[in-house]
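Below is one structure; the comments refer to it alone.
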Amino acid sequence: MCGRYVLRSGPRRWREQFDAASTDVVEWRPRYNLAPSQYAPVLRLLDGQRRIDLLRWGLLPAWAKDEQFAYRTVNARCETVATLPAFRAAMRARRCVVPADGFYEWQLQPDGKSKQPYFIDRRDGRMLAFAGLWESWKPPGGGDALLSFTIITTPASRWMAPLHERMPALLDAQGVEAWLQPAQPAQQLQALLHPAPEDALQARPVSRAVGNPRNDGPELLQAAVS
């Protein structure tokens, strides 16, 4: 799964790496512990242009009765994303890309109880591009539409497997282009959802303070203290 991630980079870097034509986000406080229900930048293709906006993490399909549904849709598994009711409409028509500088996973320790968090990012220093979906939901009682997103996960690569059994679906530049195109056949979309190359990522143990989403500073990336 992917339940926490880091986005230190700001709007200028988002626009440059993802060739985004526009964004209303002009300032961004570096985030070291983005968590479900929080807002984060998401890249979408709207009216033929790439645009970055802030959406809330946890997908709310149009038919959801209330916002609590979003706690069940933080992630979407690649094996079922095209068939489960919560995701299938968005998979066909509302795909997005979620920029990140890295993400956290927790490795179960030999005692079978404690877990050690690891920070995972690209070896080449570039940003990660998570494959995602987005939706627009209107509260039953009226009010403004709420835009939300989910991050798609895949089975872990061989490299990742010792840390966790799953990982975010990561897109390269060509994958981003294909994922955002509205007319992509389902088979081609599914082929994009695979583990990262074995040599693409690196991991290091970090502070257990990351387990509390109220902690959100650069000290979270410091080496774990044994």
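To be explicit about the labels: the chains of the structure tokens are called A, B, and onward in the order shown, and within each one the residues are counted from 1, while ligands get numbers from 1 in the order they are shown.
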Just the residues within 8 Å of region 63-73 of chain A, please, counting only C-alpha atoms, with nothing from its chain fewer than 3 positions along; format it as a PDB file with C-alpha atoms, in the first residue's frame.
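selection-v1.pdb was written with the following content:
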```pdb
ATOM      1  CA  PRO A  36      -5.027  10.377   3.848  1.00  0.00           C
ATOM      2  CA  SER A  37      -7.758  13.052   4.022  1.00  0.00           C
ATOM      3  CA  TRP A  57      -6.558  12.042  -0.691  1.00  0.00           C
ATOM      4  CA  GLY A  58      -9.208   9.318  -0.466  1.00  0.00           C
ATOM      5  CA  LEU A  59     -11.461   8.755  -3.480  1.00  0.00           C
ATOM      6  CA  LEU A  60     -15.135   9.686  -3.218  1.00  0.00           C
ATOM      7  CA  ALA A  76      -6.713   1.063  -5.337  1.00  0.00           C
ATOM      8  CA  ALA A  86     -15.552   2.455  -6.371  1.00  0.00           C
ATOM      9  CA  TRP A 137     -18.351  14.340  -5.377  1.00  0.00           C
ATOM     10  CA  PRO A 139     -22.496  16.476  -0.717  1.00  0.00           C
ATOM     11  CA  PRO A 140     -26.077  15.139  -0.504  1.00  0.00           C
ATOM     12  CA  THR A 150      -6.550   7.632  -4.904  1.00  0.00           C
TER      13      THR A 150
END
```
Within 9 Å of region 9-17 of chain A, which residues of region 108-214 of chain A come that close, and what is the closest atom pair and distance in Å for each? Count only C-alpha atoms and give it as CSV.
```
residue,atom,partner,partner_atom,distance
A:Arg126,CA,A:Gln17,CA,8.4
A:Met127,CA,A:Gln17,CA,7.8
A:Ala173,CA,A:Gln17,CA,8.8
```
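DSSP annotation of region 88-214 of chain A from backbone atoms: helix (DSSP H, G or I) residues are Arg88, Ala89, Ala90, Met91, Arg92, Ala93, Ala173, Gln174, Gly175, Val176, Glu177, Ala178, Trp179, Leu180, Ala186, Gln187, Gln188, Leu189, Gln190, Ala191, Arg208, Ala209, Val210 and Gly211 of chain A.
Computed from the coordinates, the CA of Ser157 (chain A) to CA of Ala131 (chain A) distance equals 16.1 Å.
The residue that comes closest to Leu133 (chain A), out of A:Gly102, A:Pro155, A:Pro61, A:Pro30 and on the basis of only C-alpha atoms, is A:Pro61.
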Pro218 (chain A) environment, 12 Å, only C-alpha atoms, sequence neighbours closer than 3 positions dropped, as a ChimeraX atom specification: /A:6-8,29-33,119,206-207,209-210,215,221-223
Output N, CA and C atoms of each residue in that selection to a file, as a PDB file, in the first residue's frame.
```pdb
ATOM      1  N   VAL A   6       6.012  11.923   0.753  1.00  0.00           N
ATOM      2  CA  VAL A   6       6.736  13.177   0.930  1.00  0.00           C
ATOM      3  C   VAL A   6       6.659  13.994  -0.356  1.00  0.00           C
ATOM      4  N   LEU A   7       6.403  15.283  -0.210  1.00  0.00           N
ATOM      5  CA  LEU A   7       6.483  16.194  -1.353  1.00  0.00           C
ATOM      6  C   LEU A   7       7.167  17.478  -0.895  1.00  0.00           C
ATOM      7  N   ARG A   8       8.482  17.490  -1.051  1.00  0.00           N
ATOM      8  CA  ARG A   8       9.272  18.685  -0.703  1.00  0.00           C
ATOM      9  C   ARG A   8       9.322  19.671  -1.860  1.00  0.00           C
ATOM     10  N   ARG A  29       4.128  24.581   1.007  1.00  0.00           N
ATOM     11  CA  ARG A  29       4.982  24.287   2.155  1.00  0.00           C
ATOM     12  C   ARG A  29       5.473  22.848   2.034  1.00  0.00           C
ATOM     13  N   PRO A  30       6.785  22.624   2.041  1.00  0.00           N
ATOM     14  CA  PRO A  30       7.276  21.249   1.918  1.00  0.00           C
ATOM     15  C   PRO A  30       6.593  20.323   2.915  1.00  0.00           C
ATOM     16  N   ARG A  31       6.129  19.197   2.421  1.00  0.00           N
ATOM     17  CA  ARG A  31       5.415  18.242   3.254  1.00  0.00           C
ATOM     18  C   ARG A  31       6.245  16.960   3.383  1.00  0.00           C
ATOM     19  N   TYR A  32       6.412  16.505   4.611  1.00  0.00           N
ATOM     20  CA  TYR A  32       7.233  15.326   4.887  1.00  0.00           C
ATOM     21  C   TYR A  32       6.417  14.148   5.397  1.00  0.00           C
ATOM     22  N   ASN A  33       5.099  14.336   5.479  1.00  0.00           N
ATOM     23  CA  ASN A  33       4.274  13.254   6.016  1.00  0.00           C
ATOM     24  C   ASN A  33       2.830  13.407   5.530  1.00  0.00           C
ATOM     25  N   PHE A 119      12.136   5.263   4.209  1.00  0.00           N
ATOM     26  CA  PHE A 119      11.845   6.266   3.188  1.00  0.00           C
ATOM     27  C   PHE A 119      12.394   5.760   1.864  1.00  0.00           C
ATOM     28  N   VAL A 206      14.171   5.352   8.688  1.00  0.00           N
ATOM     29  CA  VAL A 206      13.999   6.714   9.191  1.00  0.00           C
ATOM     30  C   VAL A 206      13.285   6.685  10.540  1.00  0.00           C
ATOM     31  N   SER A 207      13.076   7.866  11.074  1.00  0.00           N
ATOM     32  CA  SER A 207      12.496   8.012  12.401  1.00  0.00           C
ATOM     33  C   SER A 207      11.102   7.391  12.498  1.00  0.00           C
ATOM     34  N   ALA A 209       8.906   8.463  14.264  1.00  0.00           N
ATOM     35  CA  ALA A 209       7.970   9.563  14.473  1.00  0.00           C
ATOM     36  C   ALA A 209       7.060   9.770  13.267  1.00  0.00           C
ATOM     37  N   VAL A 210       7.445   9.231  12.117  1.00  0.00           N
ATOM     38  CA  VAL A 210       6.609   9.361  10.931  1.00  0.00           C
ATOM     39  C   VAL A 210       5.270   8.651  11.102  1.00  0.00           C
ATOM     40  N   ASN A 215       3.251  14.779  12.951  1.00  0.00           N
ATOM     41  CA  ASN A 215       4.666  15.094  12.761  1.00  0.00           C
ATOM     42  C   ASN A 215       4.910  15.304  11.272  1.00  0.00           C
ATOM     43  N   LEU A 221      13.089  12.470   8.121  1.00  0.00           N
ATOM     44  CA  LEU A 221      13.959  11.774   7.171  1.00  0.00           C
ATOM     45  C   LEU A 221      15.329  11.460   7.750  1.00  0.00           C
ATOM     46  N   GLN A 222      15.547  11.833   8.995  1.00  0.00           N
ATOM     47  CA  GLN A 222      16.824  11.505   9.632  1.00  0.00           C
ATOM     48  C   GLN A 222      16.920  10.009   9.855  1.00  0.00           C
ATOM     49  N   ALA A 223      18.138   9.517   9.900  1.00  0.00           N
ATOM     50  CA  ALA A 223      18.354   8.086  10.071  1.00  0.00           C
ATOM     51  C   ALA A 223      17.731   7.594  11.375  1.00  0.00           C
TER      52      ALA A 223
END
```
Would you list the contacts of Ala178 (chain A) as a ChimeraX atom specification, taking every protein, DNA or RNA residue within 9 Å and counting only C-alpha atoms, but skipping same-chain residues closer than 3 positions in sequence? /A:173-175,181-182,184,188-189,192
Residue with smallest distance to Leu147 (chain A) - pool A:Ala35, A:Met91, A:Val176, A:Leu55, counting only C-alpha atoms: A:Leu55
Distance of CA of Arg77 (chain A) from CA of Ala62 (chain A), expressed in Å to one decimal place: 19.7 Å
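Between Ser148 (chain A) and the candidates A:Arg95, A:Arg214, A:Arg204, A:Lys115, the tightest atom-to-atom separation, counting only C-alpha atoms, involves A:Arg95.
Excluding Glu165 (chain A) itself and same-chain residues fewer than 4 positions from it, the residues having an atom within 9 Å of it are A:Met1, A:Thr154, A:Pro155, A:Ala156, A:Ser157, A:Met160, A:Ala161, counting only C-alpha atoms.
Compared by their closest atoms to Ala100 (chain A), and using only C-alpha atoms, the residues A:Gly217, A:Phe130, A:Pro117, A:Ser22 rank with A:Phe130 nearest.
By chain and then residue number, the residues within 10 Å of Pro197 (chain A) are Ser157, Arg158, Trp159, Leu170, His194, Pro195, Asp199, Ala200 and Leu201 of chain A, counting only C-alpha atoms and disregarding those fewer than 2 positions away in sequence.
Distances to Thr153 (chain A) were evaluated for A:Leu193, A:Val26, A:Ala183, A:Val98 using only C-alpha atoms, and the minimum falls at A:Leu193.
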Nearest to Arg4 (chain A): which of A:Glu219, A:Asp172, A:Asp101, A:Glu177 is it, counting only C-alpha atoms? A:Asp101
